Amino acid sequence: MEQDDASSFVFEPSLFLNEAYVVQAYDVPAASLRLRLLALNAASTDHDLTGQVVWNASLLLADWIAENSAALFGGARSARVLELGAGVGLAGLVAAAYARRCVLTDCNDVVLRALRRNVERYAAGECGVPAGCDVTCDKLLWGDHVEEFRERNGIFDLIIGADIVFWPDCQEPLFSTVDALLEHRPECHFVTSYMCRATNFDRKQLLAIAERHHFVCETLPLPPTFTARPGIEQLGEVGEDFGKFFLLSFTRK
């Protein structure tokens, strides 16, 4: 008996992956930098692969780092920075212009491949950021093997992340991870930027989870140099927060 063609079909997810990255330019005026990073122009429908694109929240976080570099880094290359959900690494690589060490992380293997290529571009002097920082990348799934991650990478003075708080199921593991990595370091900050894309985004839930992990939140002003790029995502003002950008800083009580 001949085998039915449909029953012999094997689904291969890699057929639907797009890793045809192109070098794209991103300006950070406050740092007088033009970064040249490998990225896609459009995201996959898989939310785990949104890191292949540079979103406006990453540009916002990069601008904030540059605008506040004197206060954050004090003019000396001594700070150790961790980027969570780094995607292709824009914000972390801007921090590399000022820090002594930057560890850029993501949880998705496909995105990590792109991130590693941009870290290699930094090491080769090809991404537009001055040399002088020890930049590495590592895999980190929030809430999973965080102690082992800390043993490999040490402690951090600043944790950053763009567009990483708006998935409700990820908020608890996110803050448990930040809590573990900033344990006994009350002077350190976790700073995140995001664009509100859902009218039902529950900011009170986010702040309640942060409070359970002994963090207090401060809403930061947007840097004057930040301008959202049109065409990346829908911008607008529907509802109280929808379509708006936010910068939040979390410190221990």
# chains A, B, ... in the order shown; residues from 1 in each chain; ligands from 1
>>> select_by_dssp(residues="region 48-235 of chain A", states="alpha helix (DSSP H)", output="PyMOL selection string")
chain A and resi 56-67+69-73+90-95+109-123+146-153+168-181+203-212
>>> closest_atom_pairs(of="region 2-112 of chain A", to="region 148-171 of chain A", cutoff="8 Å", atoms="only C-alpha atoms", output="Markdown table")
| residue | atom | partner | partner_atom | distance |
| --- | --- | --- | --- | --- |
| A:Ala57 | CA | A:Ala162 | CA | 5.6 |
| A:Ser58 | CA | A:Ala162 | CA | 5.2 |
| A:Leu61 | CA | A:Ala162 | CA | 6.6 |
| A:Ala79 | CA | A:Asp157 | CA | 6.0 |
| A:Arg80 | CA | A:Phe156 | CA | 4.9 |
| A:Val81 | CA | A:Leu158 | CA | 4.9 |
| A:Leu82 | CA | A:Ile159 | CA | 4.8 |
| A:Glu83 | CA | A:Ile160 | CA | 4.8 |
| A:Leu84 | CA | A:Gly161 | CA | 5.0 |
| A:Gly85 | CA | A:Gly161 | CA | 6.1 |
| A:Ala86 | CA | A:Gly161 | CA | 6.7 |
| A:Ala91 | CA | A:Gly161 | CA | 7.9 |
| A:Gly92 | CA | A:Ile160 | CA | 7.8 |
| A:Val103 | CA | A:Asn153 | CA | 7.7 |
>>> select_by_dssp(residues="region 78-202 of chain A", states="strand (DSSP E or B)", output="number ranges by chain")
A: 80-83, 101-106, 134-139, 158-162, 189-195
>>> atom_distance(atom1="CA of Arg116 (chain A)", atom2="CA of Leu104 (chain A)")
9.0 Å
>>> residues_around(residues="region 18-30 of chain A", least_positions_apart="4", cutoff="7 Å", atoms="only C-alpha atoms", output="ChimeraX atom specification")
/A:34-40,62-63,66-67,225
>>> write_last_selection(atoms="all heavy atoms", output="PDB file, in the first residue's frame")
ATOM      1  N   ARG A  34      26.698  56.264  15.808  1.00  0.00           N
ATOM      2  CA  ARG A  34      25.853  55.610  14.812  1.00  0.00           C
ATOM      3  C   ARG A  34      26.214  54.122  14.837  1.00  0.00           C
ATOM      4  O   ARG A  34      27.276  53.736  14.348  1.00  0.00           O
ATOM      5  CB  ARG A  34      26.027  56.198  13.428  1.00  0.00           C
ATOM      6  CG  ARG A  34      25.375  55.346  12.339  1.00  0.00           C
ATOM      7  CD  ARG A  34      25.261  56.066  11.013  1.00  0.00           C
ATOM      8  NE  ARG A  34      24.141  57.010  11.035  1.00  0.00           N
ATOM      9  CZ  ARG A  34      23.676  57.636   9.947  1.00  0.00           C
ATOM     10  NH1 ARG A  34      24.250  57.436   8.768  1.00  0.00           N
ATOM     11  NH2 ARG A  34      22.656  58.471  10.034  1.00  0.00           N
ATOM     12  N   LEU A  35      25.347  53.330  15.436  1.00  0.00           N
ATOM     13  CA  LEU A  35      25.600  51.903  15.523  1.00  0.00           C
ATOM     14  C   LEU A  35      25.195  51.218  14.233  1.00  0.00           C
ATOM     15  O   LEU A  35      24.171  51.572  13.628  1.00  0.00           O
ATOM     16  CB  LEU A  35      24.831  51.272  16.695  1.00  0.00           C
ATOM     17  CG  LEU A  35      25.467  51.442  18.077  1.00  0.00           C
ATOM     18  CD1 LEU A  35      25.255  52.852  18.604  1.00  0.00           C
ATOM     19  CD2 LEU A  35      24.919  50.429  19.063  1.00  0.00           C
ATOM     20  N   ARG A  36      25.973  50.247  13.827  1.00  0.00           N
ATOM     21  CA  ARG A  36      25.694  49.456  12.629  1.00  0.00           C
ATOM     22  C   ARG A  36      25.568  47.997  13.060  1.00  0.00           C
ATOM     23  O   ARG A  36      26.572  47.319  13.306  1.00  0.00           O
ATOM     24  CB  ARG A  36      26.803  49.650  11.586  1.00  0.00           C
ATOM     25  CG  ARG A  36      26.887  51.093  11.080  1.00  0.00           C
ATOM     26  CD  ARG A  36      27.970  51.273  10.037  1.00  0.00           C
ATOM     27  NE  ARG A  36      29.292  51.011  10.602  1.00  0.00           N
ATOM     28  CZ  ARG A  36      30.018  51.909  11.269  1.00  0.00           C
ATOM     29  NH1 ARG A  36      29.534  53.126  11.482  1.00  0.00           N
ATOM     30  NH2 ARG A  36      31.204  51.598  11.719  1.00  0.00           N
ATOM     31  N   LEU A  37      24.323  47.555  13.157  1.00  0.00           N
ATOM     32  CA  LEU A  37      24.036  46.230  13.705  1.00  0.00           C
ATOM     33  C   LEU A  37      23.291  45.368  12.702  1.00  0.00           C
ATOM     34  O   LEU A  37      22.510  45.868  11.884  1.00  0.00           O
ATOM     35  CB  LEU A  37      23.193  46.351  14.977  1.00  0.00           C
ATOM     36  CG  LEU A  37      23.764  47.191  16.117  1.00  0.00           C
ATOM     37  CD1 LEU A  37      22.799  47.198  17.287  1.00  0.00           C
ATOM     38  CD2 LEU A  37      25.127  46.676  16.542  1.00  0.00           C
ATOM     39  N   LEU A  38      23.505  44.066  12.817  1.00  0.00           N
ATOM     40  CA  LEU A  38      22.731  43.112  12.033  1.00  0.00           C
ATOM     41  C   LEU A  38      21.358  42.948  12.660  1.00  0.00           C
ATOM     42  O   LEU A  38      21.227  42.685  13.864  1.00  0.00           O
ATOM     43  CB  LEU A  38      23.456  41.763  11.995  1.00  0.00           C
ATOM     44  CG  LEU A  38      24.756  41.743  11.195  1.00  0.00           C
ATOM     45  CD1 LEU A  38      25.549  40.477  11.510  1.00  0.00           C
ATOM     46  CD2 LEU A  38      24.470  41.822   9.703  1.00  0.00           C
ATOM     47  N   ALA A  39      20.310  43.116  11.867  1.00  0.00           N
ATOM     48  CA  ALA A  39      18.940  43.006  12.362  1.00  0.00           C
ATOM     49  C   ALA A  39      18.013  42.769  11.171  1.00  0.00           C
ATOM     50  O   ALA A  39      18.402  42.943  10.015  1.00  0.00           O
ATOM     51  CB  ALA A  39      18.521  44.265  13.117  1.00  0.00           C
ATOM     52  N   LEU A  40      16.775  42.373  11.485  1.00  0.00           N
ATOM     53  CA  LEU A  40      15.745  42.253  10.461  1.00  0.00           C
ATOM     54  C   LEU A  40      14.931  43.534  10.408  1.00  0.00           C
ATOM     55  O   LEU A  40      14.873  44.301  11.379  1.00  0.00           O
ATOM     56  CB  LEU A  40      14.811  41.076  10.764  1.00  0.00           C
ATOM     57  CG  LEU A  40      15.398  39.659  10.706  1.00  0.00           C
ATOM     58  CD1 LEU A  40      14.289  38.642  10.969  1.00  0.00           C
ATOM     59  CD2 LEU A  40      16.070  39.379   9.379  1.00  0.00           C
ATOM     60  N   ALA A  62      18.551  53.148  24.785  1.00  0.00           N
ATOM     61  CA  ALA A  62      19.889  53.558  24.351  1.00  0.00           C
ATOM     62  C   ALA A  62      20.079  55.064  24.540  1.00  0.00           C
ATOM     63  O   ALA A  62      21.132  55.523  25.021  1.00  0.00           O
ATOM     64  CB  ALA A  62      20.101  53.170  22.893  1.00  0.00           C
ATOM     65  N   ASP A  63      19.074  55.848  24.177  1.00  0.00           N
ATOM     66  CA  ASP A  63      19.149  57.298  24.358  1.00  0.00           C
ATOM     67  C   ASP A  63      19.269  57.658  25.838  1.00  0.00           C
ATOM     68  O   ASP A  63      20.042  58.554  26.212  1.00  0.00           O
ATOM     69  CB  ASP A  63      17.910  57.973  23.769  1.00  0.00           C
ATOM     70  CG  ASP A  63      18.029  58.231  22.276  1.00  0.00           C
ATOM     71  OD1 ASP A  63      19.099  57.958  21.714  1.00  0.00           O
ATOM     72  OD2 ASP A  63      17.050  58.709  21.671  1.00  0.00           O
ATOM     73  N   ALA A  66      22.791  57.006  27.132  1.00  0.00           N
ATOM     74  CA  ALA A  66      23.718  58.035  26.659  1.00  0.00           C
ATOM     75  C   ALA A  66      23.497  59.366  27.369  1.00  0.00           C
ATOM     76  O   ALA A  66      24.461  60.033  27.778  1.00  0.00           O
ATOM     77  CB  ALA A  66      23.571  58.201  25.148  1.00  0.00           C
ATOM     78  N   GLU A  67      22.231  59.764  27.531  1.00  0.00           N
ATOM     79  CA  GLU A  67      21.912  61.037  28.187  1.00  0.00           C
ATOM     80  C   GLU A  67      22.377  61.046  29.647  1.00  0.00           C
ATOM     81  O   GLU A  67      22.720  62.099  30.189  1.00  0.00           O
ATOM     82  CB  GLU A  67      20.402  61.287  28.141  1.00  0.00           C
ATOM     83  CG  GLU A  67      19.886  61.732  26.789  1.00  0.00           C
ATOM     84  CD  GLU A  67      20.066  63.214  26.556  1.00  0.00           C
ATOM     85  OE1 GLU A  67      20.529  63.917  27.479  1.00  0.00           O
ATOM     86  OE2 GLU A  67      19.763  63.671  25.442  1.00  0.00           O
ATOM     87  N   THR A 225      16.338  63.684  23.510  1.00  0.00           N
ATOM     88  CA  THR A 225      16.876  63.293  22.202  1.00  0.00           C
ATOM     89  C   THR A 225      16.091  62.155  21.562  1.00  0.00           C
ATOM     90  O   THR A 225      16.304  61.849  20.383  1.00  0.00           O
ATOM     91  CB  THR A 225      18.339  62.847  22.345  1.00  0.00           C
ATOM     92  OG1 THR A 225      18.422  61.841  23.376  1.00  0.00           O
ATOM     93  CG2 THR A 225      19.240  64.020  22.705  1.00  0.00           C
TER      94      THR A 225
END
>>> closest_residue(among="A:Cys127, A:Phe73, A:Cys107, A:Glu172", to="Leu140 (chain A)", atoms="only C-alpha atoms")
A:Cys107
>>> closest_residue(among="A:Arg121, A:Arg100, A:Arg252, A:His189", to="Asp134 (chain A)", atoms="only C-alpha atoms")
A:Arg100
>>> atom_distance(atom1="CA of Ala31 (chain A)", atom2="CA of Asn68 (chain A)")
10.0 Å
>>> residues_around(residues="Leu222 (chain A)", least_positions_apart="2", cutoff="8 Å", atoms="only C-alpha atoms", output="PyMOL selection string")
chain A and resi 60+64+220+224+226+246-247
>>> residues_around(residues="Pro173 (chain A)", least_positions_apart="6", cutoff="9 Å", atoms="only C-alpha atoms", output="list in words")
Leu141, Trp142, Gly143 and Asp144 of chain A
>>> residues_around(residues="region 108-113 of chain A", least_positions_apart="2", cutoff="9 Å", atoms="only C-alpha atoms", output="PDB file with N, CA, C and O atoms, in the first residue's frame")
ATOM      1  N   LEU A  17      12.057  30.160   9.502  1.00  0.00           N
ATOM      2  CA  LEU A  17      12.929  31.128  10.133  1.00  0.00           C
ATOM      3  C   LEU A  17      13.511  32.068   9.090  1.00  0.00           C
ATOM      4  O   LEU A  17      13.824  31.663   7.975  1.00  0.00           O
ATOM      5  N   GLU A  19      16.728  34.393   8.925  1.00  0.00           N
ATOM      6  CA  GLU A  19      17.975  34.867   9.518  1.00  0.00           C
ATOM      7  C   GLU A  19      18.813  35.622   8.484  1.00  0.00           C
ATOM      8  O   GLU A  19      20.031  35.689   8.598  1.00  0.00           O
ATOM      9  N   ASP A  48       8.768  34.954  20.551  1.00  0.00           N
ATOM     10  CA  ASP A  48      10.123  34.675  21.007  1.00  0.00           C
ATOM     11  C   ASP A  48      11.173  35.210  20.053  1.00  0.00           C
ATOM     12  O   ASP A  48      12.348  35.293  20.398  1.00  0.00           O
ATOM     13  N   LEU A  49      10.785  35.543  18.824  1.00  0.00           N
ATOM     14  CA  LEU A  49      11.733  36.009  17.818  1.00  0.00           C
ATOM     15  C   LEU A  49      11.642  37.510  17.564  1.00  0.00           C
ATOM     16  O   LEU A  49      12.239  38.019  16.626  1.00  0.00           O
ATOM     17  N   THR A  50      10.888  38.206  18.407  1.00  0.00           N
ATOM     18  CA  THR A  50      10.793  39.656  18.225  1.00  0.00           C
ATOM     19  C   THR A  50      12.146  40.333  18.433  1.00  0.00           C
ATOM     20  O   THR A  50      12.350  41.461  17.988  1.00  0.00           O
ATOM     21  N   GLY A  51      13.076  39.649  19.089  1.00  0.00           N
ATOM     22  CA  GLY A  51      14.401  40.208  19.316  1.00  0.00           C
ATOM     23  C   GLY A  51      15.234  40.343  18.061  1.00  0.00           C
ATOM     24  O   GLY A  51      16.323  40.934  18.094  1.00  0.00           O
ATOM     25  N   GLN A  52      14.761  39.816  16.935  1.00  0.00           N
ATOM     26  CA  GLN A  52      15.500  39.980  15.682  1.00  0.00           C
ATOM     27  C   GLN A  52      15.380  41.394  15.109  1.00  0.00           C
ATOM     28  O   GLN A  52      16.099  41.742  14.177  1.00  0.00           O
ATOM     29  N   GLY A  85      16.966  40.171  27.784  1.00  0.00           N
ATOM     30  CA  GLY A  85      16.181  40.226  26.558  1.00  0.00           C
ATOM     31  C   GLY A  85      16.804  41.147  25.544  1.00  0.00           C
ATOM     32  O   GLY A  85      16.130  41.987  24.941  1.00  0.00           O
ATOM     33  N   ALA A  86      18.097  40.984  25.307  1.00  0.00           N
ATOM     34  CA  ALA A  86      18.868  41.976  24.552  1.00  0.00           C
ATOM     35  C   ALA A  86      18.521  42.024  23.074  1.00  0.00           C
ATOM     36  O   ALA A  86      18.794  43.029  22.418  1.00  0.00           O
ATOM     37  N   GLY A  87      17.934  40.961  22.525  1.00  0.00           N
ATOM     38  CA  GLY A  87      17.692  40.960  21.093  1.00  0.00           C
ATOM     39  C   GLY A  87      19.014  41.046  20.334  1.00  0.00           C
ATOM     40  O   GLY A  87      19.936  40.277  20.601  1.00  0.00           O
ATOM     41  N   VAL A  88      19.135  42.011  19.444  1.00  0.00           N
ATOM     42  CA  VAL A  88      20.385  42.168  18.701  1.00  0.00           C
ATOM     43  C   VAL A  88      21.401  43.042  19.435  1.00  0.00           C
ATOM     44  O   VAL A  88      22.499  43.270  18.935  1.00  0.00           O
ATOM     45  N   THR A 105      22.211  39.273  27.103  1.00  0.00           N
ATOM     46  CA  THR A 105      21.558  37.968  27.206  1.00  0.00           C
ATOM     47  C   THR A 105      20.243  37.925  26.451  1.00  0.00           C
ATOM     48  O   THR A 105      19.578  38.940  26.252  1.00  0.00           O
ATOM     49  N   ASP A 106      19.876  36.735  26.065  1.00  0.00           N
ATOM     50  CA  ASP A 106      18.551  36.446  25.534  1.00  0.00           C
ATOM     51  C   ASP A 106      18.268  34.977  25.827  1.00  0.00           C
ATOM     52  O   ASP A 106      19.181  34.217  26.175  1.00  0.00           O
ATOM     53  N   LEU A 115      22.716  37.963  18.115  1.00  0.00           N
ATOM     54  CA  LEU A 115      23.376  38.750  19.155  1.00  0.00           C
ATOM     55  C   LEU A 115      24.878  38.482  19.163  1.00  0.00           C
ATOM     56  O   LEU A 115      25.693  39.418  19.253  1.00  0.00           O
ATOM     57  N   ARG A 116      25.255  37.220  19.049  1.00  0.00           N
ATOM     58  CA  ARG A 116      26.682  36.878  19.033  1.00  0.00           C
ATOM     59  C   ARG A 116      27.389  37.514  17.833  1.00  0.00           C
ATOM     60  O   ARG A 116      28.539  37.976  17.946  1.00  0.00           O
ATOM     61  N   ARG A 117      26.719  37.546  16.711  1.00  0.00           N
ATOM     62  CA  ARG A 117      27.332  38.160  15.528  1.00  0.00           C
ATOM     63  C   ARG A 117      27.561  39.654  15.749  1.00  0.00           C
ATOM     64  O   ARG A 117      28.587  40.204  15.317  1.00  0.00           O
ATOM     65  N   ASN A 118      26.643  40.326  16.440  1.00  0.00           N
ATOM     66  CA  ASN A 118      26.841  41.752  16.713  1.00  0.00           C
ATOM     67  C   ASN A 118      27.922  41.979  17.767  1.00  0.00           C
ATOM     68  O   ASN A 118      28.653  42.980  17.700  1.00  0.00           O
ATOM     69  N   CYS A 137      28.173  37.600  25.434  1.00  0.00           N
ATOM     70  CA  CYS A 137      26.747  37.271  25.467  1.00  0.00           C
ATOM     71  C   CYS A 137      26.568  35.880  26.071  1.00  0.00           C
ATOM     72  O   CYS A 137      27.471  35.041  26.031  1.00  0.00           O
ATOM     73  N   ASP A 138      25.393  35.664  26.637  1.00  0.00           N
ATOM     74  CA  ASP A 138      25.106  34.414  27.322  1.00  0.00           C
ATOM     75  C   ASP A 138      23.608  34.160  27.250  1.00  0.00           C
ATOM     76  O   ASP A 138      22.813  35.098  27.116  1.00  0.00           O
ATOM     77  N   LYS A 139      23.244  32.910  27.353  1.00  0.00           N
ATOM     78  CA  LYS A 139      21.829  32.556  27.373  1.00  0.00           C
ATOM     79  C   LYS A 139      21.296  32.656  28.791  1.00  0.00           C
ATOM     80  O   LYS A 139      21.937  32.200  29.736  1.00  0.00           O
ATOM     81  N   LEU A 140      20.139  33.273  28.932  1.00  0.00           N
ATOM     82  CA  LEU A 140      19.510  33.382  30.245  1.00  0.00           C
ATOM     83  C   LEU A 140      18.002  33.294  30.086  1.00  0.00           C
ATOM     84  O   LEU A 140      17.378  34.167  29.477  1.00  0.00           O
ATOM     85  N   LEU A 141      17.429  32.244  30.644  1.00  0.00           N
ATOM     86  CA  LEU A 141      15.980  32.092  30.742  1.00  0.00           C
ATOM     87  C   LEU A 141      15.587  32.520  32.138  1.00  0.00           C
ATOM     88  O   LEU A 141      16.042  31.939  33.128  1.00  0.00           O
TER      89      LEU A 141
END
>>> residues_around(residues="Ala210 (chain A)", least_positions_apart="4", cutoff="9 Å", atoms="only C-alpha atoms", output="MDAnalysis selection string")
chainID A and resid 171:172 175:176 205:206 214:217 250
>>> decode(residues="region 50-72 of chain A", atoms="N, CA and C atoms", output="PDB file, in the first residue's frame")
ATOM      1  N   THR A  50      10.888  38.206  18.407  1.00  0.00           N
ATOM      2  CA  THR A  50      10.793  39.656  18.225  1.00  0.00           C
ATOM      3  C   THR A  50      12.146  40.333  18.433  1.00  0.00           C
ATOM      4  N   GLY A  51      13.076  39.649  19.089  1.00  0.00           N
ATOM      5  CA  GLY A  51      14.401  40.208  19.316  1.00  0.00           C
ATOM      6  C   GLY A  51      15.234  40.343  18.061  1.00  0.00           C
ATOM      7  N   GLN A  52      14.761  39.816  16.935  1.00  0.00           N
ATOM      8  CA  GLN A  52      15.500  39.980  15.682  1.00  0.00           C
ATOM      9  C   GLN A  52      15.380  41.394  15.109  1.00  0.00           C
ATOM     10  N   VAL A  53      14.459  42.165  15.665  1.00  0.00           N
ATOM     11  CA  VAL A  53      14.188  43.534  15.200  1.00  0.00           C
ATOM     12  C   VAL A  53      14.565  44.516  16.303  1.00  0.00           C
ATOM     13  N   VAL A  54      15.056  45.691  15.931  1.00  0.00           N
ATOM     14  CA  VAL A  54      15.280  46.761  16.902  1.00  0.00           C
ATOM     15  C   VAL A  54      13.995  47.581  17.007  1.00  0.00           C
ATOM     16  N   TRP A  55      13.362  47.525  18.174  1.00  0.00           N
ATOM     17  CA  TRP A  55      12.114  48.246  18.405  1.00  0.00           C
ATOM     18  C   TRP A  55      12.409  49.616  19.009  1.00  0.00           C
ATOM     19  N   ASN A  56      11.395  50.472  18.986  1.00  0.00           N
ATOM     20  CA  ASN A  56      11.579  51.839  19.486  1.00  0.00           C
ATOM     21  C   ASN A  56      11.964  51.879  20.960  1.00  0.00           C
ATOM     22  N   ALA A  57      11.481  50.931  21.756  1.00  0.00           N
ATOM     23  CA  ALA A  57      11.842  50.925  23.180  1.00  0.00           C
ATOM     24  C   ALA A  57      13.341  50.722  23.374  1.00  0.00           C
ATOM     25  N   SER A  58      13.981  49.978  22.470  1.00  0.00           N
ATOM     26  CA  SER A  58      15.438  49.815  22.544  1.00  0.00           C
ATOM     27  C   SER A  58      16.145  51.124  22.224  1.00  0.00           C
ATOM     28  N   LEU A  59      15.626  51.844  21.241  1.00  0.00           N
ATOM     29  CA  LEU A  59      16.188  53.163  20.924  1.00  0.00           C
ATOM     30  C   LEU A  59      16.019  54.120  22.096  1.00  0.00           C
ATOM     31  N   LEU A  60      14.877  54.039  22.754  1.00  0.00           N
ATOM     32  CA  LEU A  60      14.626  54.882  23.926  1.00  0.00           C
ATOM     33  C   LEU A  60      15.629  54.569  25.038  1.00  0.00           C
ATOM     34  N   LEU A  61      15.820  53.284  25.331  1.00  0.00           N
ATOM     35  CA  LEU A  61      16.746  52.900  26.392  1.00  0.00           C
ATOM     36  C   LEU A  61      18.174  53.306  26.045  1.00  0.00           C
ATOM     37  N   ALA A  62      18.551  53.148  24.785  1.00  0.00           N
ATOM     38  CA  ALA A  62      19.889  53.558  24.351  1.00  0.00           C
ATOM     39  C   ALA A  62      20.079  55.064  24.540  1.00  0.00           C
ATOM     40  N   ASP A  63      19.074  55.848  24.177  1.00  0.00           N
ATOM     41  CA  ASP A  63      19.149  57.298  24.358  1.00  0.00           C
ATOM     42  C   ASP A  63      19.269  57.658  25.838  1.00  0.00           C
ATOM     43  N   TRP A  64      18.503  56.962  26.676  1.00  0.00           N
ATOM     44  CA  TRP A  64      18.548  57.254  28.122  1.00  0.00           C
ATOM     45  C   TRP A  64      19.927  56.947  28.698  1.00  0.00           C
ATOM     46  N   ILE A  65      20.521  55.840  28.295  1.00  0.00           N
ATOM     47  CA  ILE A  65      21.868  55.493  28.774  1.00  0.00           C
ATOM     48  C   ILE A  65      22.861  56.580  28.383  1.00  0.00           C
ATOM     49  N   ALA A  66      22.791  57.006  27.132  1.00  0.00           N
ATOM     50  CA  ALA A  66      23.718  58.035  26.659  1.00  0.00           C
ATOM     51  C   ALA A  66      23.497  59.366  27.369  1.00  0.00           C
ATOM     52  N   GLU A  67      22.231  59.764  27.531  1.00  0.00           N
ATOM     53  CA  GLU A  67      21.912  61.037  28.187  1.00  0.00           C
ATOM     54  C   GLU A  67      22.377  61.046  29.647  1.00  0.00           C
ATOM     55  N   ASN A  68      22.369  59.894  30.300  1.00  0.00           N
ATOM     56  CA  ASN A  68      22.678  59.818  31.727  1.00  0.00           C
ATOM     57  C   ASN A  68      24.013  59.130  32.003  1.00  0.00           C
ATOM     58  N   SER A  69      24.876  59.088  31.005  1.00  0.00           N
ATOM     59  CA  SER A  69      26.131  58.355  31.149  1.00  0.00           C
ATOM     60  C   SER A  69      27.005  58.889  32.279  1.00  0.00           C
ATOM     61  N   ALA A  70      27.029  60.214  32.468  1.00  0.00           N
ATOM     62  CA  ALA A  70      27.866  60.777  33.531  1.00  0.00           C
ATOM     63  C   ALA A  70      27.400  60.315  34.903  1.00  0.00           C
ATOM     64  N   ALA A  71      26.080  60.333  35.129  1.00  0.00           N
ATOM     65  CA  ALA A  71      25.544  59.898  36.417  1.00  0.00           C
ATOM     66  C   ALA A  71      25.675  58.391  36.604  1.00  0.00           C
ATOM     67  N   LEU A  72      25.512  57.639  35.510  1.00  0.00           N
ATOM     68  CA  LEU A  72      25.556  56.178  35.616  1.00  0.00           C
ATOM     69  C   LEU A  72      26.969  55.640  35.756  1.00  0.00           C
TER      70      LEU A  72
END
